[in-house]
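Participant: Please find one structure pasted underneath; my questions will follow.
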There are 2 protein chains.
Amino acid sequence: MKINIPETEKERVVIVGGGFAGLTLARKLSRQDFQVVLIDKNNYHQFQPLFYQVAMAGLEPSSIVFPLRKAFQKDRSFYFRVTTVTEVELAHKRLQTPLGICNYDYLVLAIGADTNFFGNEQIAQHAIPMKSVSEALYLRNRILSDYEKALSTVDYEERQGLIDIVNVGGGPTGVEVAGALAEMKRYVLPKDYPELQTDEIDIYLLEGGSQLLSGMSEEAGEKALQFLRELGVQVMLNSRVTSFDGAEIQTSDEQRISSQKVIWAAGITGNRMPGLPEGAITFGNRIKVDRYHRVEGAEGVFAIGDIAYMEEEAYPQGHPQVAQVAMQQAKHLAGQFEKPSAEWTPFRYRDLGAMATIGRNKAVVDLPKFKFQGFFAWLVWLFVHLFQILGVKNKLFIFLNWVWNYLTYDQSLRLIIRPKQRGEEIT
Amino acid sequence: MKINIPETEKERVVIVGGGFAGLTLARKLSRQDFQVVLIDKNNYHQFQPLFYQVAMAGLEPSSIVFPLRKAFQKDRSFYFRVTTVTEVELAHKRLQTPLGICNYDYLVLAIGADTNFFGNEQIAQHAIPMKSVSEALYLRNRILSDYEKALSTVDYEERQGLIDIVNVGGGPTGVEVAGALAEMKRYVLPKDYPELQTDEIDIYLLEGGSQLLSGMSEEAGEKALQFLRELGVQVMLNSRVTSFDGAEIQTSDEQRISSQKVIWAAGITGNRMPGLPEGAITFGNRIKVDRYHRVEGAEGVFAIGDIAYMEEEAYPQGHPQVAQVAMQQAKHLAGQFEKPSAEWTPFRYRDLGAMATIGRNKAVVDLPKFKFQGFFAWLVWLFVHLFQILGVKNKLFIFLNWVWNYLTYDQSLRLIIRPKQRGEEIT
C-alpha cells in the first residue's frame with residue numbers, strides 16, 4: 001500500500017522529524033519548487049528549551065508547542081503526516097510507514113535524539129526523562145501526585161522519599177529544573193502544603209563531571225553552582241548514579257540517597273532509523289554526514305540536527321547537539337537545494353553563544369565576545385527565548401505567564417490533568 | 001487505619017465534591033469555626049460551562065480549572081485530600097476512603113452527576129461523554145486524530161465516518177458543541193486540511209424532544225435552532241438514538257447515520273454513594289433532601305447541588321441541575337451552620353435566568369423579565385461566564401484567548417498531547 005499523497009511532476013523531499021532542524025528546512029523548502037512531505041509522530045513542533053517550565057507548572061504545554069499544520073496552511077505542495085518511519089529502503093528510495101510506503105527523491109533525516117540511560121535498564125525503568133512535552137507533563141503530574149501522597153504517609157522515611165527530588169545531569173536541563181524546584185520549595189509549597197515540613201524537602205543535583213554546564217565557560221559553570229547553592233540545592237559534582245531501584249539511589253562516590261523521584265537529564269542518544277548502512281552510525285548513535293549533510297553510502301539522503309554527526313575543523317568531535325546548530329544546518333541544506341552541487345559550499349557553524357537560567361533574576365550567558373551572569377543575563381535569556389518561540393500568540397501568552405509568575409511568586413498551573421480514555425477511570 | 005488529619009476540638013465538616021456546590025460551601029465554612037475537610041478525586045475545581053471550548057481547542061484545560069489547594073492557602077483549619085469515598089457508615093458517622101477512615105460530625109454530599117447512557121451499554125461503550133475536563137480533552141484529541149486518520153483513508157464511506165460528527169442531546173452542551181464544530185468546519189478545517197473535502201463534513205444534532213434547550217423559553221429554543229441551521233448543522237428533533245456500534249447510529253425515527261464519533265450529552269444521572277438509606281435515592285439517582293438540605297434518615301448528612309433532589313412549591317419536580325442552584329444551596333447551607341436550627345428558614349431558589357451560546361455573535365438569553373438573542377446576548381454570555389470563573393489569571397487568559405480567537409477566526413490549540421506514562425510509547 002502506498003501512502004495517500006499524490007505523486008506530481010515535482011521532485012519529492014521527505015523530511016522526517018518536525019523539530020528545529022526539520023521544521024526550519026520544511027518552511028524554507030515549501031517555498032521552493034519541491035513537493036515537501038513532513039513526517040512526525042506528533043502533530044506539533046516542540047520548543048525544547050522550555051520543557052522544564054511545563055514540568056514546573058509555570059507554562060502550559062500549548063504555549064511551547066505549535067501545531068505543525070498551522071505552520072504550513074498556505075503551502076499547497078506541502079503534505080504533513082502524523083506517523084513514524086519503520087524502515088528506510090535505500091535501494092528503492094522509499095520509506096516504510098504504518099500509513100503505507102512513501103517514495104522519496106530526497107530524504108532528510110532530522111529525527112533528533114532521546115534520553116540516554118547508558119544501557120542501565122533499571123534506571124531506564126524508574127527514572128523520569130524529560131525529552132518531550134509529554135514527558136514534562138508526566139513529571140508535573142508525578143511531582144504533584146507525590147506531594148498529595150505524602151500527606152497521607154505517616155512513616156517519616158517514606159514521606160521524605162516522596163518529597164525529595166534528585167536531578168541527574170548538570171547540563172542546562174538539570175540546572176534549570178533544580179533551580180525551579182528550589183524556588184517552588186521556597187515560594188509555593190509552604191502555601192499549598194502547610195501540613196508538610198516543606199523546609200525538609202531536599203533537592204539534589206548530581207553531575208558526573210567536575211563542572212556544571214560543561215558545554216559553557218568555566219565562569220558560567222561556577223556561577224551556576226553558586227546560584228544553585230544559594231537556592232539550597234545540594235549539588236554533588238564528580239558523582240554518577242550507579243543504581244536506582246525506585247526508592248534509593250547509589251552513586252559512584254558511595255553515597256546513598258533515599259528518593260522515589262529521579263529526573264534524568266544525564267545525556268542523549270540518537271534516535272534509530274532502521275535501514276541505514278551500518279557504517280553511517282557513529283558516536284552517540286548519530287548519523288555521520290559530510291560537510292554537505294550527505295549520509296555516506298545512502299544516495300539522496302541527508303541528516304541534520306541532533307542526529308547528524310559532522311566533523312568540522314573547529315569541531316573535530318562533531319557539533320554540540322543544540323537548536324542553533326540544527327537551524328543553521330537546515331538553512332544551509334535548504335540553500336543547497338536551490339543550486340547545483342558544483343556551487344555548494346561546506347557547512348560552517350557560527351557559534352552565537354549559550355545560556356542557561358537558574359531562577360528569578362539568575363542566569364548565565366556566554367557570548368563569543370564576553371560573558372555575564374545575574375539579572376541582566378536573566379533578562380537576555382527571557383527575551384532570546386521569547387523571540388525564538390514560534391507564533392505570536394505563544395509569545396504573548398508566555399510573556400504574560402512570566403510576568404504573572406514573577407509578580408506573584410507562583411506557578412499557578414498545579415493541575416493533575418490527563419485526557420480520559422474511554423472506559424478508563426481517572427484515579 | 002485513620003486518614004492522616006488531626007482531630008481537634010472543633011467540629012469537623014466533611015464535604016465530598018469540589019464542584020460549584022462543594023467549593024462554595026467550603027469557602028464559606030472555612031471562615032467559620034469548623035474544621036473543614038474537602039474530598040475530591042481531582043486536585044482542581046472544574047468550570048463545567050466551558051468544557052465545550054476545551055474540547056473545541058479554543059481554551060486550555062488550565063484556564064477553566066482551578067487548583068483547589070490554591071483556593072484555601074490562607075485557611076489553617078482546612079484540609080484537602082485527593083481521594084474517593086467508597087462508603088458512608090452512617091451508624092459510625094464516618095467515611096471509608098482509600099486513604100483511611102474519615103470521621104465526621106457533619107457530612108455534606110456534593111458529589112454531582114455524571115453522563116446518563118440510560119442503561120444502554122453499547123452506547124456507553126462507544127459514545128464520547130463530556131462531563132469532565134479530562135473527557136473534553138479526550139474529545140479534542142479524538143477529533144484531531146480522526147482528521148489525521150481521514151487523510152490516509154482512501155475509502156469514501158470510511159473517511160466520511162471519520163470526519164462526520166453526531167451530537168446527541170439538545171441542551172446547552174449539545175447546542176454549544178454543534179455550533180462550535182460548525183464554525184470549526186467553516187473557518188479552521190479548510191486551512192488545516194486542504195486535502196480533505198471539508199464542505200462534505202456533516203455535523204448532526206439529535207434531540208429527543210420537540211425543542212432545543214428545553215430548560216429555556218420556546219423563543220430561545222427556536223432561535224437556537226435557526227442559528228444552528230444557518231451554520232449548517234443538521235438538527236433532527238424528536239429523534240432519539242436507539243443504537244450505536246461505533247460505526248453507525250440508528251434512531252427512533254428510523255434514520256441511519258454513518259459516523260464513528262457520537263458526542264453524548266443527552267442526560268445526567270446522580271453519582272452513587274454507597275451506604276445511604278435506600279429510601280433516600282429518588283428520580284435520576286438523586287438524593288432526596290428537605291428544604292434544609294437534610295438527607296432523610298441520615299443524621300448530620302446534607303446534600304447540595306446536582307445530586308440533591310428538593311421539592312419546592314415552584315419546583316415540584318426538583319430544581320434544575322445547574323450551577324446557580326448549586327451555589328445558592330451552598331450559601332444557604334453555610335448560613336444554617338451559623339445558627340441554631342430553630343432559626344433556619346427553608347431554601348428558596350431564585351432563578352436568575354439561563355443562557356446558551358451557539359457561535360460567533362450568536363447566543364440566547366432568558367432573564368426573568370425579558371428574553372433576547374443574537375449579538376448582545378452573546379456579549380452578555382461572555383461577560384457573565386468571565387465573571388463567574390475562578391481566579392484573576394484565569395479570567396485574564398480566557399479573555400485574551402477569546403479576543404484572539406474572535407479576531408483570527410481560529411482555535412489555535414489543535415494539539416494532540418497526552419502526558420507520557422513511563423514505559424509507554426506515544427503513538
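Chain identifiers are assigned as A, B, and so on, following the order in which chains appear in the C-alpha cells; residues are numbered from 1 within each chain, and ligands are numbered from 1 in order of appearance.
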Fit chain A to chain B, all Cα atoms paired in order, least squares. Then write it as a short mmCIF file (atom, residue, chain, number, x, y, z; two decimals) with C-alpha atoms, in the first residue's frame.

Facilitator:
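What follows is the written file result-v8.cif:
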data_model
loop_
_atom_site.label_atom_id
_atom_site.label_comp_id
_atom_site.auth_asym_id
_atom_site.auth_seq_id
_atom_site.Cartn_x
_atom_site.Cartn_y
_atom_site.Cartn_z
CA MET A 1 -6.40 2.97 59.53
CA LYS A 2 -7.49 6.53 60.05
CA ILE A 3 -7.01 9.27 57.48
CA ASN A 4 -4.02 11.44 58.39
CA ILE A 5 -5.88 14.57 59.53
CA PRO A 6 -5.54 15.84 63.12
CA GLU A 7 -8.67 15.64 65.28
CA THR A 8 -9.16 18.91 67.10
CA GLU A 9 -11.82 20.25 69.45
CA LYS A 10 -13.52 21.91 66.49
CA GLU A 11 -16.45 20.14 64.92
CA ARG A 12 -15.50 18.54 61.62
CA VAL A 13 -17.51 19.15 58.44
CA VAL A 14 -16.58 16.79 55.64
CA ILE A 15 -17.56 17.97 52.15
CA VAL A 16 -17.40 15.42 49.35
CA GLY A 17 -17.01 17.04 45.93
CA GLY A 18 -15.30 20.28 44.89
CA GLY A 19 -17.75 21.41 42.22
CA PHE A 20 -19.80 24.59 42.39
CA ALA A 21 -21.72 23.41 45.46
CA GLY A 22 -18.84 21.89 47.43
CA LEU A 23 -16.35 24.63 46.68
CA THR A 24 -18.77 27.45 47.53
CA LEU A 25 -19.67 25.78 50.82
CA ALA A 26 -16.05 25.02 51.74
CA ARG A 27 -15.04 28.64 51.19
CA LYS A 28 -17.85 29.91 53.40
CA LEU A 29 -17.32 27.33 56.14
CA SER A 30 -13.55 27.68 56.30
CA ARG A 31 -14.17 31.16 57.65
CA GLN A 32 -16.42 29.78 60.39
CA ASP A 33 -15.35 27.87 63.47
CA PHE A 34 -15.22 24.38 61.94
CA GLN A 35 -12.55 22.04 60.79
CA VAL A 36 -13.37 21.66 57.10
CA VAL A 37 -12.28 18.56 55.18
CA LEU A 38 -12.81 18.66 51.42
CA ILE A 39 -12.55 15.48 49.39
CA ASP A 40 -12.38 15.37 45.59
CA LYS A 41 -10.95 12.85 43.15
CA ASN A 42 -9.20 15.69 41.31
CA ASN A 43 -6.90 18.36 42.71
CA TYR A 44 -8.87 21.04 40.91
CA HIS A 45 -12.31 22.61 40.59
CA GLN A 46 -13.78 22.44 37.09
CA PHE A 47 -15.83 25.14 35.40
CA GLN A 48 -18.31 22.98 33.52
CA PRO A 49 -19.90 25.66 31.31
CA LEU A 50 -16.69 25.96 29.29
CA PHE A 51 -15.83 22.28 28.80
CA TYR A 52 -17.01 22.54 25.23
CA GLN A 53 -14.42 25.23 24.48
CA VAL A 54 -11.67 22.93 25.73
CA ALA A 55 -12.99 20.17 23.50
CA MET A 56 -13.05 22.57 20.56
CA ALA A 57 -9.39 23.58 21.10
CA GLY A 58 -10.36 27.15 21.97
CA LEU A 59 -9.24 27.11 25.59
CA GLU A 60 -6.65 25.24 27.61
CA PRO A 61 -7.91 23.00 30.43
CA SER A 62 -5.82 25.03 32.85
CA SER A 63 -7.83 28.15 32.04
CA ILE A 64 -11.11 26.66 33.19
CA VAL A 65 -9.99 24.68 36.20
CA PHE A 66 -8.58 25.98 39.44
CA PRO A 67 -6.22 24.17 41.85
CA LEU A 68 -8.30 23.51 44.98
CA ARG A 69 -5.32 23.93 47.31
CA LYS A 70 -4.73 27.41 45.96
CA ALA A 71 -8.28 28.44 46.87
CA PHE A 72 -7.61 27.69 50.55
CA GLN A 73 -3.99 28.68 51.06
CA LYS A 74 -4.91 31.02 53.90
CA ASP A 75 -7.21 28.69 55.80
CA ARG A 76 -5.42 26.82 58.55
CA SER A 77 -8.24 24.58 59.71
CA PHE A 78 -8.96 23.44 56.17
CA TYR A 79 -7.81 20.05 54.89
CA PHE A 80 -8.01 18.83 51.32
CA ARG A 81 -7.52 15.26 50.15
CA VAL A 82 -7.42 13.93 46.60
CA THR A 83 -9.31 10.67 47.02
CA THR A 84 -12.68 8.98 46.67
CA VAL A 85 -15.29 7.86 49.18
CA THR A 86 -16.06 4.17 48.95
CA GLU A 87 -18.80 4.11 51.60
CA VAL A 88 -20.63 6.17 54.18
CA GLU A 89 -21.05 4.42 57.53
CA LEU A 90 -23.92 6.38 58.97
CA ALA A 91 -24.03 4.46 62.25
CA HIS A 92 -20.40 5.38 62.99
CA LYS A 93 -20.54 8.83 61.40
CA ARG A 94 -17.56 8.05 59.25
CA LEU A 95 -16.44 7.56 55.63
CA GLN A 96 -14.36 4.79 54.12
CA THR A 97 -11.70 6.08 51.74
CA PRO A 98 -8.58 4.54 50.16
CA LEU A 99 -6.58 6.87 52.45
CA GLY A 100 -8.27 5.52 55.60
CA ILE A 101 -11.36 6.15 57.69
CA CYS A 102 -12.56 9.73 57.94
CA ASN A 103 -14.86 10.63 60.85
CA TYR A 104 -17.33 13.45 60.52
CA ASP A 105 -19.62 15.48 62.70
CA TYR A 106 -21.42 16.79 59.64
CA LEU A 107 -21.25 15.36 56.15
CA VAL A 108 -22.17 17.30 53.04
CA LEU A 109 -22.57 15.33 49.82
CA ALA A 110 -21.93 17.51 46.80
CA ILE A 111 -20.97 14.62 44.54
CA GLY A 112 -22.76 15.87 41.44
CA ALA A 113 -23.88 13.90 38.44
CA ASP A 114 -22.31 12.09 35.53
CA THR A 115 -23.34 11.21 32.00
CA ASN A 116 -26.51 9.13 31.68
CA PHE A 117 -26.49 6.49 28.97
CA PHE A 118 -29.93 5.28 30.10
CA GLY A 119 -28.67 1.76 30.60
CA ASN A 120 -27.55 1.26 26.99
CA GLU A 121 -24.19 -0.49 27.40
CA GLN A 122 -23.40 -0.39 23.71
CA ILE A 123 -23.77 3.37 23.54
CA ALA A 124 -21.87 3.82 26.81
CA GLN A 125 -19.00 1.90 25.29
CA HIS A 126 -18.77 3.83 22.01
CA ALA A 127 -20.11 7.33 22.60
CA ILE A 128 -17.98 10.17 23.98
CA PRO A 129 -19.26 11.89 27.12
CA MET A 130 -18.28 15.40 28.15
CA LYS A 131 -18.79 15.74 31.88
CA SER A 132 -15.20 16.48 32.92
CA VAL A 133 -12.24 18.40 31.60
CA SER A 134 -10.47 15.08 31.07
CA GLU A 135 -13.29 13.91 28.85
CA ALA A 136 -13.26 17.23 26.99
CA LEU A 137 -9.53 16.79 26.34
CA TYR A 138 -10.13 13.25 25.15
CA LEU A 139 -12.74 14.54 22.71
CA ARG A 140 -10.31 17.18 21.42
CA ASN A 141 -7.59 14.58 20.85
CA ARG A 142 -10.09 12.23 19.26
CA ILE A 143 -11.44 14.78 16.76
CA LEU A 144 -7.91 15.80 15.70
CA SER A 145 -6.67 12.20 15.48
CA ASP A 146 -9.66 11.23 13.35
CA TYR A 147 -8.96 14.03 10.90
CA GLU A 148 -5.35 12.88 10.65
CA LYS A 149 -6.58 9.35 10.09
CA ALA A 150 -9.01 10.52 7.41
CA LEU A 151 -6.07 11.80 5.34
CA SER A 152 -4.82 8.25 4.88
CA THR A 153 -8.24 6.70 4.39
CA VAL A 154 -8.94 6.11 0.73
CA ASP A 155 -12.38 4.51 1.11
CA TYR A 156 -15.03 7.22 0.79
CA GLU A 157 -17.56 5.81 3.28
CA GLU A 158 -14.94 5.13 5.89
CA ARG A 159 -13.45 8.59 5.51
CA GLN A 160 -16.84 10.25 5.96
CA GLY A 161 -17.36 8.16 9.08
CA LEU A 162 -14.17 9.69 10.50
CA ILE A 163 -14.97 13.30 9.71
CA ASP A 164 -18.73 13.43 10.38
CA ILE A 165 -19.79 14.11 13.94
CA VAL A 166 -23.08 13.37 15.69
CA ASN A 167 -24.13 15.31 18.80
CA VAL A 168 -26.82 13.77 20.93
CA GLY A 169 -28.84 15.97 23.26
CA GLY A 170 -30.22 19.42 22.52
CA GLY A 171 -29.35 21.00 25.86
CA PRO A 172 -26.74 23.75 26.24
CA THR A 173 -23.79 21.35 25.81
CA GLY A 174 -25.13 19.76 22.62
CA VAL A 175 -26.06 23.13 21.15
CA GLU A 176 -22.74 24.72 22.04
CA VAL A 177 -20.63 21.83 20.73
CA ALA A 178 -22.62 21.59 17.49
CA GLY A 179 -22.28 25.32 16.91
CA ALA A 180 -18.57 25.32 17.64
CA LEU A 181 -17.99 22.34 15.33
CA ALA A 182 -19.87 24.09 12.54
CA GLU A 183 -17.62 27.12 12.91
CA MET A 184 -14.52 24.96 13.00
CA LYS A 185 -15.68 23.33 9.78
CA ARG A 186 -16.10 26.72 8.19
CA TYR A 187 -13.06 28.66 9.40
CA VAL A 188 -10.34 26.25 10.56
CA LEU A 189 -10.51 22.88 8.87
CA PRO A 190 -10.26 24.06 5.24
CA LYS A 191 -6.96 25.73 6.13
CA ASP A 192 -5.57 22.84 8.16
CA TYR A 193 -6.78 20.06 5.88
CA PRO A 194 -6.80 21.29 2.29
CA GLU A 195 -6.55 17.64 1.23
CA LEU A 196 -9.99 16.83 2.67
CA GLN A 197 -13.31 17.91 1.19
CA THR A 198 -14.20 19.86 4.30
CA ASP A 199 -17.51 21.01 2.84
CA GLU A 200 -18.55 17.36 2.95
CA ILE A 201 -18.26 17.23 6.73
CA ASP A 202 -21.68 16.62 8.27
CA ILE A 203 -22.49 17.82 11.76
CA TYR A 204 -25.67 16.44 13.30
CA LEU A 205 -27.56 17.39 16.41
CA LEU A 206 -30.18 14.93 17.64
CA GLU A 207 -32.74 15.91 20.26
CA GLY A 208 -35.35 13.51 21.61
CA GLY A 209 -37.89 16.24 22.33
CA SER A 210 -39.55 18.70 20.01
CA GLN A 211 -37.47 21.71 21.12
CA LEU A 212 -33.83 22.61 21.67
CA LEU A 213 -32.76 24.02 25.07
CA SER A 214 -35.84 22.59 26.74
CA GLY A 215 -34.87 24.18 30.05
CA MET A 216 -35.24 27.62 28.48
CA SER A 217 -38.04 29.53 26.78
CA GLU A 218 -39.62 28.41 23.53
CA GLU A 219 -38.29 31.59 21.95
CA ALA A 220 -34.71 30.70 22.94
CA GLY A 221 -35.10 27.17 21.60
CA GLU A 222 -36.42 28.35 18.27
CA LYS A 223 -33.72 30.95 17.85
CA ALA A 224 -31.03 28.41 18.71
CA LEU A 225 -32.48 26.10 16.07
CA GLN A 226 -32.40 28.90 13.51
CA PHE A 227 -28.79 29.85 14.39
CA LEU A 228 -27.64 26.23 14.13
CA ARG A 229 -29.33 25.69 10.79
CA GLU A 230 -27.74 28.90 9.47
CA LEU A 231 -24.38 27.44 10.50
CA GLY A 232 -25.14 24.29 8.53
CA VAL A 233 -25.83 21.92 11.43
CA GLN A 234 -28.32 19.18 10.59
CA VAL A 235 -30.68 19.38 13.54
CA MET A 236 -33.05 16.43 14.00
CA LEU A 237 -35.80 16.95 16.56
CA ASN A 238 -37.96 14.16 18.05
CA SER A 239 -35.11 11.79 17.29
CA ARG A 240 -33.54 9.51 19.87
CA VAL A 241 -30.52 7.28 19.35
CA THR A 242 -31.50 3.64 19.76
CA SER A 243 -28.15 2.07 18.91
CA PHE A 244 -24.56 2.96 18.07
CA ASP A 245 -21.96 0.30 17.39
CA GLY A 246 -19.01 2.63 16.80
CA ALA A 247 -19.74 2.99 13.09
CA GLU A 248 -23.47 3.53 12.58
CA ILE A 249 -26.19 5.31 14.54
CA GLN A 250 -29.79 4.19 14.41
CA THR A 251 -32.53 6.47 15.63
CA SER A 252 -36.06 6.12 16.94
CA ASP A 253 -37.38 7.69 13.71
CA GLU A 254 -35.73 5.03 11.57
CA GLN A 255 -32.77 7.07 10.41
CA ARG A 256 -29.30 5.63 9.92
CA ILE A 257 -26.21 7.81 10.12
CA SER A 258 -22.68 6.60 9.42
CA SER A 259 -20.27 8.15 11.88
CA GLN A 260 -17.55 6.92 14.20
CA LYS A 261 -17.97 9.84 16.62
CA VAL A 262 -21.02 10.36 18.80
CA ILE A 263 -20.80 13.07 21.44
CA TRP A 264 -23.24 12.18 24.18
CA ALA A 265 -24.84 15.00 26.14
CA ALA A 266 -28.31 13.53 26.37
CA GLY A 267 -28.73 13.45 30.11
CA ILE A 268 -27.15 13.07 33.53
CA THR A 269 -27.56 10.76 36.47
CA GLY A 270 -26.51 11.30 40.08
CA ASN A 271 -23.20 9.81 41.19
CA ARG A 272 -23.55 6.89 43.62
CA MET A 273 -22.65 6.97 47.28
CA PRO A 274 -22.84 3.53 48.89
CA GLY A 275 -24.18 3.40 52.43
CA LEU A 276 -27.10 5.80 52.17
CA PRO A 277 -30.55 4.52 53.13
CA GLU A 278 -32.31 3.17 50.07
CA GLY A 279 -35.30 5.45 50.50
CA ALA A 280 -33.03 8.48 50.13
CA ILE A 281 -32.37 7.83 46.44
CA THR A 282 -35.00 9.11 44.03
CA PHE A 283 -35.52 10.16 40.37
CA GLY A 284 -32.34 10.49 38.31
CA ASN A 285 -30.40 8.80 41.07
CA ARG A 286 -30.58 12.00 43.12
CA ILE A 287 -30.54 12.16 46.92
CA LYS A 288 -33.79 13.36 48.44
CA VAL A 289 -33.43 16.26 50.87
CA ASP A 290 -35.81 18.50 52.78
CA ARG A 291 -35.88 22.26 52.47
CA TYR A 292 -32.90 22.41 54.88
CA HIS A 293 -30.73 20.15 52.66
CA ARG A 294 -30.99 17.28 55.17
CA VAL A 295 -30.93 13.71 53.90
CA GLU A 296 -33.83 11.80 55.42
CA GLY A 297 -32.80 9.04 57.78
CA ALA A 298 -29.14 10.08 57.84
CA GLU A 299 -28.31 12.21 60.83
CA GLY A 300 -25.90 15.03 60.25
CA VAL A 301 -25.83 14.38 56.48
CA PHE A 302 -26.69 17.02 53.91
CA ALA A 303 -26.76 17.02 50.12
CA ILE A 304 -26.47 20.02 47.78
CA GLY A 305 -25.99 20.69 44.09
CA ASP A 306 -26.83 18.42 41.16
CA ILE A 307 -27.03 15.37 43.42
CA ALA A 308 -29.73 16.89 45.68
CA TYR A 309 -33.42 16.49 44.95
CA MET A 310 -35.50 19.04 46.81
CA GLU A 311 -39.15 19.78 46.15
CA GLU A 312 -40.11 23.42 46.42
CA GLU A 313 -43.56 24.91 45.69
CA ALA A 314 -42.33 26.41 42.43
CA TYR A 315 -40.28 23.30 41.62
CA PRO A 316 -42.48 20.32 42.43
CA GLN A 317 -40.16 18.00 40.50
CA GLY A 318 -36.92 19.31 41.95
CA HIS A 319 -34.64 22.12 40.86
CA PRO A 320 -32.82 22.22 37.54
CA GLN A 321 -29.34 20.71 37.84
CA VAL A 322 -27.39 23.88 37.14
CA ALA A 323 -24.59 25.86 38.77
CA GLN A 324 -26.93 28.59 40.06
CA VAL A 325 -28.93 26.16 42.18
CA ALA A 326 -25.75 24.55 43.50
CA MET A 327 -24.23 27.84 44.61
CA GLN A 328 -27.44 29.15 46.18
CA GLN A 329 -27.88 25.91 48.09
CA ALA A 330 -24.27 26.03 49.29
CA LYS A 331 -24.66 29.59 50.55
CA HIS A 332 -27.93 28.73 52.23
CA LEU A 333 -26.44 25.69 53.95
CA ALA A 334 -23.41 27.71 55.06
CA GLY A 335 -25.87 30.13 56.69
CA GLN A 336 -27.53 27.25 58.55
CA PHE A 337 -24.21 26.23 60.07
CA GLU A 338 -24.01 29.68 61.65
CA LYS A 339 -27.21 29.48 63.65
CA PRO A 340 -29.34 27.09 65.72
CA SER A 341 -31.84 25.04 63.75
CA ALA A 342 -34.73 26.92 65.32
CA GLU A 343 -33.67 29.95 63.29
CA TRP A 344 -33.34 28.14 59.98
CA THR A 345 -35.51 29.20 57.06
CA PRO A 346 -36.44 26.90 54.18
CA PHE A 347 -34.33 27.15 51.00
CA ARG A 348 -35.91 29.05 48.16
CA TYR A 349 -34.32 29.10 44.70
CA ARG A 350 -34.11 32.45 43.01
CA ASP A 351 -33.97 31.90 39.26
CA LEU A 352 -31.57 34.40 37.72
CA GLY A 353 -32.13 33.19 34.18
CA ALA A 354 -30.38 30.94 31.71
CA MET A 355 -28.30 31.35 28.60
CA ALA A 356 -26.52 29.39 25.91
CA THR A 357 -24.15 30.34 23.12
CA ILE A 358 -24.28 28.96 19.59
CA GLY A 359 -21.38 30.70 17.89
CA ARG A 360 -19.76 34.01 16.98
CA ASN A 361 -22.19 36.79 17.88
CA LYS A 362 -24.91 34.23 18.43
CA ALA A 363 -26.37 33.42 21.85
CA VAL A 364 -29.73 33.21 23.58
CA VAL A 365 -30.51 34.69 26.99
CA ASP A 366 -33.62 34.24 29.14
CA LEU A 367 -33.84 36.64 32.06
CA PRO A 368 -36.77 36.53 34.48
CA LYS A 369 -38.15 39.75 33.01
CA PHE A 370 -37.15 39.59 29.35
CA LYS A 371 -35.53 37.47 26.69
CA PHE A 372 -33.14 38.38 23.90
CA GLN A 373 -30.94 36.69 21.31
CA GLY A 374 -28.09 37.48 18.96
CA PHE A 375 -25.05 39.71 19.33
CA PHE A 376 -25.98 41.43 22.59
CA ALA A 377 -26.95 38.10 24.15
CA TRP A 378 -23.57 36.77 23.06
CA LEU A 379 -21.77 39.65 24.80
CA VAL A 380 -23.80 39.05 27.95
CA TRP A 381 -22.94 35.35 27.81
CA LEU A 382 -19.22 36.14 27.52
CA PHE A 383 -19.13 38.55 30.41
CA VAL A 384 -21.28 36.50 32.76
CA HIS A 385 -19.02 33.49 32.23
CA LEU A 386 -15.85 35.51 32.51
CA PHE A 387 -17.13 36.99 35.75
CA GLN A 388 -18.00 33.60 37.21
CA ILE A 389 -14.75 31.81 36.51
CA LEU A 390 -12.47 31.45 39.50
CA GLY A 391 -9.17 33.32 39.59
CA VAL A 392 -7.97 36.60 38.17
CA LYS A 393 -5.38 34.90 35.99
CA ASN A 394 -7.96 32.53 34.50
CA LYS A 395 -10.23 35.49 33.71
CA LEU A 396 -7.38 37.33 32.02
CA PHE A 397 -6.19 34.37 29.96
CA ILE A 398 -9.68 33.35 28.89
CA PHE A 399 -10.47 36.91 27.87
CA LEU A 400 -7.29 37.14 25.81
CA ASN A 401 -7.97 33.76 24.22
CA TRP A 402 -11.46 34.85 23.29
CA VAL A 403 -10.29 38.11 21.78
CA TRP A 404 -7.57 36.26 19.89
CA ASN A 405 -9.87 33.55 18.59
CA TYR A 406 -12.50 36.10 17.65
CA LEU A 407 -10.10 38.24 15.64
CA THR A 408 -8.27 35.38 13.93
CA TYR A 409 -11.28 33.07 13.38
CA ASP A 410 -9.04 30.39 14.78
CA GLN A 411 -8.88 27.98 17.69
CA SER A 412 -5.17 27.65 17.96
CA LEU A 413 -4.81 24.80 20.45
CA ARG A 414 -5.09 21.99 17.95
CA LEU A 415 -2.61 19.76 19.73
CA ILE A 416 -2.81 16.07 20.50
CA ILE A 417 -0.92 15.98 23.78
CA ARG A 418 -1.01 13.28 26.41
CA PRO A 419 1.28 13.05 29.42
CA LYS A 420 3.62 10.17 28.72
CA GLN A 421 3.53 7.23 31.07
CA ARG A 422 6.74 5.57 31.97
CA GLY A 423 7.50 2.76 29.57
CA GLU A 424 4.66 3.82 27.29
CA GLU A 425 5.17 4.87 23.72
CA ILE A 426 2.99 7.74 22.57
CA THR A 427 1.71 6.79 19.15
#

Participant: Report as a PyMOL selection string: the residues of stretch 81-226 of chain B with a DSSP assignment of strand (DSSP E or B), based on the backbone of this structure.

Facilitator: chain B and resi 81-82+87-89+94-97+100-103+106-109+113-115+128-129+165-168+203-206

Participant: Please, which residues of stretch 227-391 of chain B, numbered as in this document, come out helix (DSSP H, G or I) from DSSP, as a PyMOL selection string?

Facilitator: chain B and resi 227-230+278-280+283-285+305-307+323-337+341-343+375-388
